[in-house]
$ cat entry19.pdb   # PDB, N, CA and C atoms, pLDDT in the B column
ATOM      1  N   SER G   1    -121.897 152.605  -3.046  1.00 55.00           N
ATOM      2  CA  SER G   1    -121.104 153.066  -1.911  1.00 55.00           C
ATOM      3  C   SER G   1    -120.138 151.969  -1.468  1.00 55.00           C
ATOM      4  N   ARG G   2    -119.116 152.348  -0.741  1.00 74.00           N
ATOM      5  CA  ARG G   2    -118.095 151.415  -0.278  1.00 74.00           C
ATOM      6  C   ARG G   2    -118.532 150.722   1.004  1.00 74.00           C
ATOM      7  N   ILE G   3    -118.053 149.505   1.197  1.00 75.00           N
ATOM      8  CA  ILE G   3    -118.369 148.754   2.417  1.00 75.00           C
ATOM      9  C   ILE G   3    -117.868 149.517   3.634  1.00 75.00           C
ATOM     10  N   SER G   4    -116.676 150.098   3.539  1.00 75.00           N
ATOM     11  CA  SER G   4    -116.118 150.823   4.686  1.00 75.00           C
ATOM     12  C   SER G   4    -116.963 152.033   5.061  1.00 75.00           C
ATOM     13  N   ASP G   5    -117.708 152.584   4.110  1.00 81.00           N
ATOM     14  CA  ASP G   5    -118.617 153.688   4.425  1.00 81.00           C
ATOM     15  C   ASP G   5    -119.819 153.195   5.216  1.00 81.00           C
ATOM     16  N   LYS G   6    -120.268 151.985   4.910  1.00 83.00           N
ATOM     17  CA  LYS G   6    -121.433 151.421   5.604  1.00 83.00           C
ATOM     18  C   LYS G   6    -121.085 150.896   6.994  1.00 83.00           C
ATOM     19  N   PHE G   7    -119.810 150.494   7.173  1.00 82.00           N
ATOM     20  CA  PHE G   7    -119.367 149.951   8.455  1.00 82.00           C
ATOM     21  C   PHE G   7    -118.122 150.706   8.915  1.00 82.00           C
ATOM     22  N   PRO G   8    -118.279 151.953   9.370  1.00 81.00           N
ATOM     23  CA  PRO G   8    -117.112 152.787   9.690  1.00 81.00           C
ATOM     24  C   PRO G   8    -116.337 152.339  10.927  1.00 81.00           C
ATOM     25  N   ASN G   9    -116.906 151.493  11.768  1.00 85.00           N
ATOM     26  CA  ASN G   9    -116.247 151.111  13.017  1.00 85.00           C
ATOM     27  C   ASN G   9    -115.481 149.800  12.938  1.00 85.00           C
ATOM     28  N   ILE G  10    -115.317 149.242  11.735  1.00 79.00           N
ATOM     29  CA  ILE G  10    -114.549 148.011  11.594  1.00 79.00           C
ATOM     30  C   ILE G  10    -113.409 148.224  10.610  1.00 79.00           C
ATOM     31  N   THR G  11    -112.390 147.388  10.725  1.00 73.00           N
ATOM     32  CA  THR G  11    -111.270 147.430   9.806  1.00 73.00           C
ATOM     33  C   THR G  11    -111.403 146.265   8.838  1.00 73.00           C
ATOM     34  N   ILE G  12    -111.338 146.548   7.561  1.00 68.00           N
ATOM     35  CA  ILE G  12    -111.428 145.513   6.542  1.00 68.00           C
ATOM     36  C   ILE G  12    -110.047 145.354   5.923  1.00 68.00           C
ATOM     37  N   THR G  13    -109.525 144.115   5.927  1.00 68.00           N
ATOM     38  CA  THR G  13    -108.216 143.859   5.341  1.00 68.00           C
ATOM     39  C   THR G  13    -108.347 142.831   4.225  1.00 68.00           C
ATOM     40  N   PRO G  14    -107.579 142.974   3.164  1.00 66.00           N
ATOM     41  CA  PRO G  14    -107.612 141.979   2.097  1.00 66.00           C
ATOM     42  C   PRO G  14    -107.139 140.626   2.620  1.00 66.00           C
ATOM     43  N   SER G  15    -107.784 139.572   2.186  1.00 65.00           N
ATOM     44  CA  SER G  15    -107.436 138.215   2.586  1.00 65.00           C
ATOM     45  C   SER G  15    -107.410 137.318   1.363  1.00 65.00           C
ATOM     46  N   TYR G  16    -106.617 136.272   1.427  1.00 63.00           N
ATOM     47  CA  TYR G  16    -106.493 135.337   0.324  1.00 63.00           C
ATOM     48  C   TYR G  16    -106.706 133.931   0.846  1.00 63.00           C
ATOM     49  N   GLY G  17    -107.407 133.110   0.083  1.00 64.00           N
ATOM     50  CA  GLY G  17    -107.629 131.746   0.528  1.00 64.00           C
ATOM     51  C   GLY G  17    -108.467 130.957  -0.437  1.00 64.00           C
ATOM     52  N   LEU G  18    -108.937 129.828   0.035  1.00 65.00           N
ATOM     53  CA  LEU G  18    -109.751 128.907  -0.739  1.00 65.00           C
ATOM     54  C   LEU G  18    -110.975 128.511   0.067  1.00 65.00           C
ATOM     55  N   THR G  19    -112.067 128.270  -0.597  1.00 64.00           N
ATOM     56  CA  THR G  19    -113.280 127.846   0.099  1.00 64.00           C
ATOM     57  C   THR G  19    -113.039 126.577   0.900  1.00 64.00           C
ATOM     58  N   GLU G  20    -112.257 125.646   0.345  1.00 64.00           N
ATOM     59  CA  GLU G  20    -111.988 124.381   1.029  1.00 64.00           C
ATOM     60  C   GLU G  20    -111.210 124.561   2.331  1.00 64.00           C
ATOM     61  N   LEU G  21    -110.620 125.722   2.524  1.00 61.00           N
ATOM     62  CA  LEU G  21    -109.851 126.009   3.738  1.00 61.00           C
ATOM     63  C   LEU G  21    -110.605 126.960   4.654  1.00 61.00           C
ATOM     64  N   THR G  22    -111.896 126.950   4.576  1.00 60.00           N
ATOM     65  CA  THR G  22    -112.773 127.849   5.325  1.00 60.00           C
ATOM     66  C   THR G  22    -112.467 129.305   5.029  1.00 60.00           C
ATOM     67  N   GLY G  23    -111.947 129.550   3.849  1.00 64.00           N
ATOM     68  CA  GLY G  23    -111.852 130.918   3.371  1.00 64.00           C
ATOM     69  C   GLY G  23    -110.499 131.577   3.359  1.00 64.00           C
ATOM     70  N   CYS G  24    -109.769 131.604   4.455  1.00 72.00           N
ATOM     71  CA  CYS G  24    -108.623 132.500   4.513  1.00 72.00           C
ATOM     72  C   CYS G  24    -107.324 131.772   4.851  1.00 72.00           C
ATOM     73  N   VAL G  25    -106.292 132.010   4.055  1.00 73.00           N
ATOM     74  CA  VAL G  25    -104.973 131.450   4.289  1.00 73.00           C
ATOM     75  C   VAL G  25    -104.023 132.535   4.806  1.00 73.00           C
ATOM     76  N   SER G  26    -104.174 133.750   4.276  1.00 74.00           N
ATOM     77  CA  SER G  26    -103.318 134.856   4.701  1.00 74.00           C
ATOM     78  C   SER G  26    -104.086 136.166   4.579  1.00 74.00           C
ATOM     79  N   ASN G  27    -103.575 137.172   5.244  1.00 72.00           N
ATOM     80  CA  ASN G  27    -104.105 138.524   5.064  1.00 72.00           C
ATOM     81  C   ASN G  27    -103.035 139.530   5.462  1.00 72.00           C
ATOM     82  N   TYR G  28    -103.297 140.772   5.195  1.00 69.00           N
ATOM     83  CA  TYR G  28    -102.330 141.805   5.550  1.00 69.00           C
ATOM     84  C   TYR G  28    -103.025 143.113   5.847  1.00 69.00           C
ATOM     85  N   ASP G  29    -102.347 143.913   6.623  1.00 66.00           N
ATOM     86  CA  ASP G  29    -102.774 145.274   6.887  1.00 66.00           C
ATOM     87  C   ASP G  29    -102.159 146.129   5.787  1.00 66.00           C
ATOM     88  N   SER G  30    -102.926 146.973   5.163  1.00 64.00           N
ATOM     89  CA  SER G  30    -102.459 147.733   4.003  1.00 64.00           C
ATOM     90  C   SER G  30    -101.222 148.585   4.288  1.00 64.00           C
ATOM     91  N   ILE G  31    -100.974 148.939   5.532  1.00 63.00           N
ATOM     92  CA  ILE G  31     -99.769 149.737   5.809  1.00 63.00           C
ATOM     93  C   ILE G  31     -98.500 148.899   5.633  1.00 63.00           C
ATOM     94  N   TYR G  32     -98.628 147.556   5.622  1.00 62.00           N
ATOM     95  CA  TYR G  32     -97.472 146.682   5.446  1.00 62.00           C
ATOM     96  C   TYR G  32     -97.345 146.159   4.021  1.00 62.00           C
ATOM     97  N   ARG G  33     -98.197 146.612   3.141  1.00 64.00           N
ATOM     98  CA  ARG G  33     -98.189 146.120   1.759  1.00 64.00           C
ATOM     99  C   ARG G  33     -96.842 146.411   1.107  1.00 64.00           C
ATOM    100  N   LYS G  34     -96.252 145.379   0.515  1.00 64.00           N
ATOM    101  CA  LYS G  34     -94.932 145.504  -0.089  1.00 64.00           C
ATOM    102  C   LYS G  34     -95.003 145.699  -1.598  1.00 64.00           C
ATOM    103  N   SER G  35     -95.954 145.057  -2.260  1.00 65.00           N
ATOM    104  CA  SER G  35     -96.092 145.174  -3.706  1.00 65.00           C
ATOM    105  C   SER G  35     -97.474 144.651  -4.096  1.00 65.00           C
ATOM    106  N   ASP G  36     -97.804 144.779  -5.366  1.00 63.00           N
ATOM    107  CA  ASP G  36     -99.112 144.328  -5.833  1.00 63.00           C
ATOM    108  C   ASP G  36     -99.306 142.819  -5.707  1.00 63.00           C
ATOM    109  N   ASP G  37     -98.219 142.041  -5.700  1.00 66.00           N
ATOM    110  CA  ASP G  37     -98.361 140.594  -5.586  1.00 66.00           C
ATOM    111  C   ASP G  37     -98.159 140.082  -4.158  1.00 66.00           C
ATOM    112  N   TYR G  38     -98.095 140.969  -3.205  1.00 69.00           N
ATOM    113  CA  TYR G  38     -97.932 140.590  -1.802  1.00 69.00           C
ATOM    114  C   TYR G  38     -99.254 140.082  -1.234  1.00 69.00           C
ATOM    115  N   VAL G  39     -99.244 138.904  -0.632  1.00 70.00           N
ATOM    116  CA  VAL G  39    -100.481 138.336  -0.090  1.00 70.00           C
ATOM    117  C   VAL G  39    -100.496 138.330   1.432  1.00 70.00           C
ATOM    118  N   GLY G  40     -99.485 138.869   2.044  1.00 74.00           N
ATOM    119  CA  GLY G  40     -99.483 138.994   3.493  1.00 74.00           C
ATOM    120  C   GLY G  40     -98.860 137.813   4.203  1.00 74.00           C
ATOM    121  N   LYS G  41     -99.064 137.786   5.518  1.00 78.00           N
ATOM    122  CA  LYS G  41     -98.521 136.739   6.372  1.00 78.00           C
ATOM    123  C   LYS G  41     -99.496 135.564   6.390  1.00 78.00           C
ATOM    124  N   VAL G  42     -98.959 134.374   6.209  1.00 79.00           N
ATOM    125  CA  VAL G  42     -99.768 133.162   6.280  1.00 79.00           C
ATOM    126  C   VAL G  42    -100.127 132.920   7.744  1.00 79.00           C
ATOM    127  N   PHE G  43    -101.382 132.550   8.003  1.00 78.00           N
ATOM    128  CA  PHE G  43    -101.821 132.285   9.369  1.00 78.00           C
ATOM    129  C   PHE G  43    -101.051 131.111   9.972  1.00 78.00           C
ATOM    130  N   ASP G  44    -100.827 131.142  11.279  1.00 84.00           N
ATOM    131  CA  ASP G  44    -100.024 130.140  11.973  1.00 84.00           C
ATOM    132  C   ASP G  44    -100.527 128.712  11.782  1.00 84.00           C
ATOM    133  N   VAL G  45    -101.813 128.503  11.631  1.00 82.00           N
ATOM    134  CA  VAL G  45    -102.353 127.143  11.507  1.00 82.00           C
ATOM    135  C   VAL G  45    -102.217 126.581  10.090  1.00 82.00           C
ATOM    136  N   MET G  46    -101.719 127.388   9.157  1.00 81.00           N
ATOM    137  CA  MET G  46    -101.578 126.960   7.768  1.00 81.00           C
ATOM    138  C   MET G  46    -100.151 126.492   7.497  1.00 81.00           C
ATOM    139  N   ASN G  47    -100.018 125.429   6.720  1.00 85.00           N
ATOM    140  CA  ASN G  47     -98.728 124.964   6.243  1.00 85.00           C
ATOM    141  C   ASN G  47     -98.748 125.143   4.733  1.00 85.00           C
ATOM    142  N   VAL G  48     -97.958 126.079   4.227  1.00 84.00           N
ATOM    143  CA  VAL G  48     -97.962 126.423   2.800  1.00 84.00           C
ATOM    144  C   VAL G  48     -96.568 126.194   2.243  1.00 84.00           C
ATOM    145  N   LYS G  49     -96.509 125.509   1.080  1.00 87.00           N
ATOM    146  CA  LYS G  49     -95.243 125.349   0.386  1.00 87.00           C
ATOM    147  C   LYS G  49     -95.498 125.369  -1.119  1.00 87.00           C
ATOM    148  N   ILE G  50     -94.455 125.649  -1.870  1.00 89.00           N
ATOM    149  CA  ILE G  50     -94.544 125.645  -3.329  1.00 89.00           C
ATOM    150  C   ILE G  50     -93.595 124.568  -3.820  1.00 89.00           C
ATOM    151  N   VAL G  51     -94.129 123.630  -4.600  1.00 93.00           N
ATOM    152  CA  VAL G  51     -93.373 122.445  -5.001  1.00 93.00           C
ATOM    153  C   VAL G  51     -93.412 122.247  -6.516  1.00 93.00           C
ATOM    154  N   ASP G  52     -92.502 121.398  -6.993  1.00 92.00           N
ATOM    155  CA  ASP G  52     -92.503 121.008  -8.399  1.00 92.00           C
ATOM    156  C   ASP G  52     -93.372 119.758  -8.567  1.00 92.00           C
ATOM    157  N   GLY G  53     -93.347 119.152  -9.748  1.00 89.00           N
ATOM    158  CA  GLY G  53     -94.159 117.975 -10.022  1.00 89.00           C
ATOM    159  C   GLY G  53     -93.798 116.749  -9.207  1.00 89.00           C
ATOM    160  N   ASN G  54     -92.613 116.752  -8.555  1.00 92.00           N
ATOM    161  CA  ASN G  54     -92.175 115.627  -7.716  1.00 92.00           C
ATOM    162  C   ASN G  54     -92.300 115.938  -6.231  1.00 92.00           C
ATOM    163  N   ASN G  55     -93.043 116.995  -5.901  1.00 90.00           N
ATOM    164  CA  ASN G  55     -93.276 117.415  -4.513  1.00 90.00           C
ATOM    165  C   ASN G  55     -92.004 117.921  -3.818  1.00 90.00           C
ATOM    166  N   ASN G  56     -91.032 118.399  -4.605  1.00 93.00           N
ATOM    167  CA  ASN G  56     -89.822 118.998  -4.059  1.00 93.00           C
ATOM    168  C   ASN G  56     -89.986 120.515  -4.022  1.00 93.00           C
ATOM    169  N   PHE G  57     -89.443 121.141  -2.976  1.00 92.00           N
ATOM    170  CA  PHE G  57     -89.475 122.602  -2.912  1.00 92.00           C
ATOM    171  C   PHE G  57     -88.796 123.184  -4.140  1.00 92.00           C
ATOM    172  N   ILE G  58     -89.300 124.316  -4.620  1.00 91.00           N
ATOM    173  CA  ILE G  58     -88.688 124.967  -5.775  1.00 91.00           C
ATOM    174  C   ILE G  58     -87.917 126.201  -5.338  1.00 91.00           C
ATOM    175  N   GLN G  59     -87.055 126.685  -6.220  1.00 87.00           N
ATOM    176  CA  GLN G  59     -86.277 127.892  -5.963  1.00 87.00           C
ATOM    177  C   GLN G  59     -87.156 129.125  -6.176  1.00 87.00           C
ATOM    178  N   ASP G  60     -86.703 130.249  -5.685  1.00 82.00           N
ATOM    179  CA  ASP G  60     -87.416 131.513  -5.891  1.00 82.00           C
ATOM    180  C   ASP G  60     -87.618 131.790  -7.376  1.00 82.00           C
ATOM    181  N   TYR G  61     -88.754 132.354  -7.710  1.00 83.00           N
ATOM    182  CA  TYR G  61     -89.096 132.803  -9.056  1.00 83.00           C
ATOM    183  C   TYR G  61     -89.254 131.664 -10.068  1.00 83.00           C
ATOM    184  N   GLN G  62     -89.501 130.446  -9.592  1.00 88.00           N
ATOM    185  CA  GLN G  62     -89.821 129.338 -10.480  1.00 88.00           C
ATOM    186  C   GLN G  62     -91.321 129.057 -10.383  1.00 88.00           C
ATOM    187  N   ILE G  63     -91.843 128.456 -11.422  1.00 89.00           N
ATOM    188  CA  ILE G  63     -93.267 128.112 -11.432  1.00 89.00           C
ATOM    189  C   ILE G  63     -93.455 126.777 -10.738  1.00 89.00           C
ATOM    190  N   GLY G  64     -94.436 126.714  -9.852  1.00 90.00           N
ATOM    191  CA  GLY G  64     -94.721 125.482  -9.132  1.00 90.00           C
ATOM    192  C   GLY G  64     -96.162 125.452  -8.684  1.00 90.00           C
ATOM    193  N   GLU G  65     -96.474 124.489  -7.853  1.00 89.00           N
ATOM    194  CA  GLU G  65     -97.822 124.307  -7.322  1.00 89.00           C
ATOM    195  C   GLU G  65     -97.846 124.727  -5.855  1.00 89.00           C
ATOM    196  N   VAL G  66     -98.842 125.501  -5.475  1.00 84.00           N
ATOM    197  CA  VAL G  66     -99.023 125.884  -4.082  1.00 84.00           C
ATOM    198  C   VAL G  66     -99.760 124.756  -3.382  1.00 84.00           C
ATOM    199  N   VAL G  67     -99.141 124.227  -2.322  1.00 84.00           N
ATOM    200  CA  VAL G  67     -99.726 123.126  -1.561  1.00 84.00           C
ATOM    201  C   VAL G  67    -100.005 123.644  -0.154  1.00 84.00           C
ATOM    202  N   ILE G  68    -101.239 123.458   0.298  1.00 82.00           N
ATOM    203  CA  ILE G  68    -101.650 123.976   1.604  1.00 82.00           C
ATOM    204  C   ILE G  68    -102.244 122.842   2.429  1.00 82.00           C
ATOM    205  N   SER G  69    -101.802 122.749   3.685  1.00 82.00           N
ATOM    206  CA  SER G  69    -102.450 121.831   4.620  1.00 82.00           C
ATOM    207  C   SER G  69    -102.767 122.621   5.888  1.00 82.00           C
ATOM    208  N   SER G  70    -103.828 122.206   6.557  1.00 81.00           N
ATOM    209  CA  SER G  70    -104.294 122.934   7.730  1.00 81.00           C
ATOM    210  C   SER G  70    -105.351 122.115   8.457  1.00 81.00           C
ATOM    211  N   PRO G  71    -105.481 122.300   9.751  1.00 80.00           N
ATOM    212  CA  PRO G  71    -106.574 121.642  10.469  1.00 80.00           C
ATOM    213  C   PRO G  71    -107.939 122.187  10.065  1.00 80.00           C
ATOM    214  N   THR G  72    -107.954 123.313   9.344  1.00 75.00           N
ATOM    215  CA  THR G  72    -109.223 123.873   8.884  1.00 75.00           C
ATOM    216  C   THR G  72    -109.632 123.344   7.514  1.00 75.00           C
ATOM    217  N   LEU G  73    -108.804 122.470   6.925  1.00 72.00           N
ATOM    218  CA  LEU G  73    -109.096 121.931   5.603  1.00 72.00           C
ATOM    219  C   LEU G  73    -110.335 121.059   5.641  1.00 72.00           C
ATOM    220  N   ILE G  74    -111.237 121.274   4.688  1.00 68.00           N
ATOM    221  CA  ILE G  74    -112.465 120.489   4.602  1.00 68.00           C
ATOM    222  C   ILE G  74    -112.186 119.262   3.756  1.00 68.00           C
ATOM    223  N   ASN G  75    -112.314 118.075   4.328  1.00 65.00           N
ATOM    224  CA  ASN G  75    -112.118 116.830   3.586  1.00 65.00           C
ATOM    225  C   ASN G  75    -113.460 116.321   3.096  1.00 65.00           C
ATOM    226  N   VAL G  76    -113.551 116.057   1.807  1.00 58.00           N
ATOM    227  CA  VAL G  76    -114.784 115.531   1.245  1.00 58.00           C
ATOM    228  C   VAL G  76    -114.552 114.201   0.585  1.00 58.00           C
TER     229      VAL G  76
END
$ encode --input "entry19.pdb" --output "structure tokens"
Amino acid sequence: SRISDKFPNITITPSYGLTELTGCVSNYDSIYRKSDDYVGKVFDVMNVKIVDGNNNFIQDYQIGEVVISSPTLINV
């Protein structure tokens, strides 16, 4: 059975993130979904950028590294 069937009084939204960031970087409400690769709005406390190997911002549609900083980041 589906989770939404077991918990009919809550709204479940897809979220994206990393364990090191306490789980969630962004999420979206399905009515705002733009495409299959849409990950939603990044939370206000997150600083997300995509950079090249020299830590410079890259242009749209180029391959780069996703860099995230946040006060929720777990430092080990």
$ atom_distance --input "entry19.pdb" --atom1 "CA of Val45 (chain G)" --atom2 "CA of Ser69 (chain G)"
8.7 Å
$ atom_distance --input "entry19.pdb" --atom1 "CA of Ser4 (chain G)" --atom2 "CA of Met46 (chain G)"
28.1 Å
$ atom_distance --input "entry19.pdb" --atom1 "atom C of Val66 (chain G)" --atom2 "atom C of Gly40 (chain G)"
15.1 Å
$ axis_aligned_box --input "entry19.pdb" --around "region 52-56 of chain G" --padding-each-side "5 Å" --output "lines of an AutoDock Vina configuration file"
center_x = -92.0
center_y = 118.5
center_z = -6.9
size_x = 14.3
size_y = 15.8
size_z = 16.2
$ closest_residue --input "entry19.pdb" --among "G:Phe43, G:Gly53, G:Asp60, G:Asp5" --to "Val25 (chain G)" --atoms "all atoms listed in the file"
G:Phe43
$ resolve_selection --input "entry19.pdb" --expression "the PyMOL selection byres (((chain G and resi 65 and name CA) around 8) and name CA)" --output "PyMOL selection string"
chain G and resi 50-53+63-64+66-67
$ closest_residue --input "entry19.pdb" --among "G:Ser26, G:Val42, G:Val48, G:Phe7" --to "Ile68 (chain G)" --atoms "all atoms listed in the file"
G:Val48
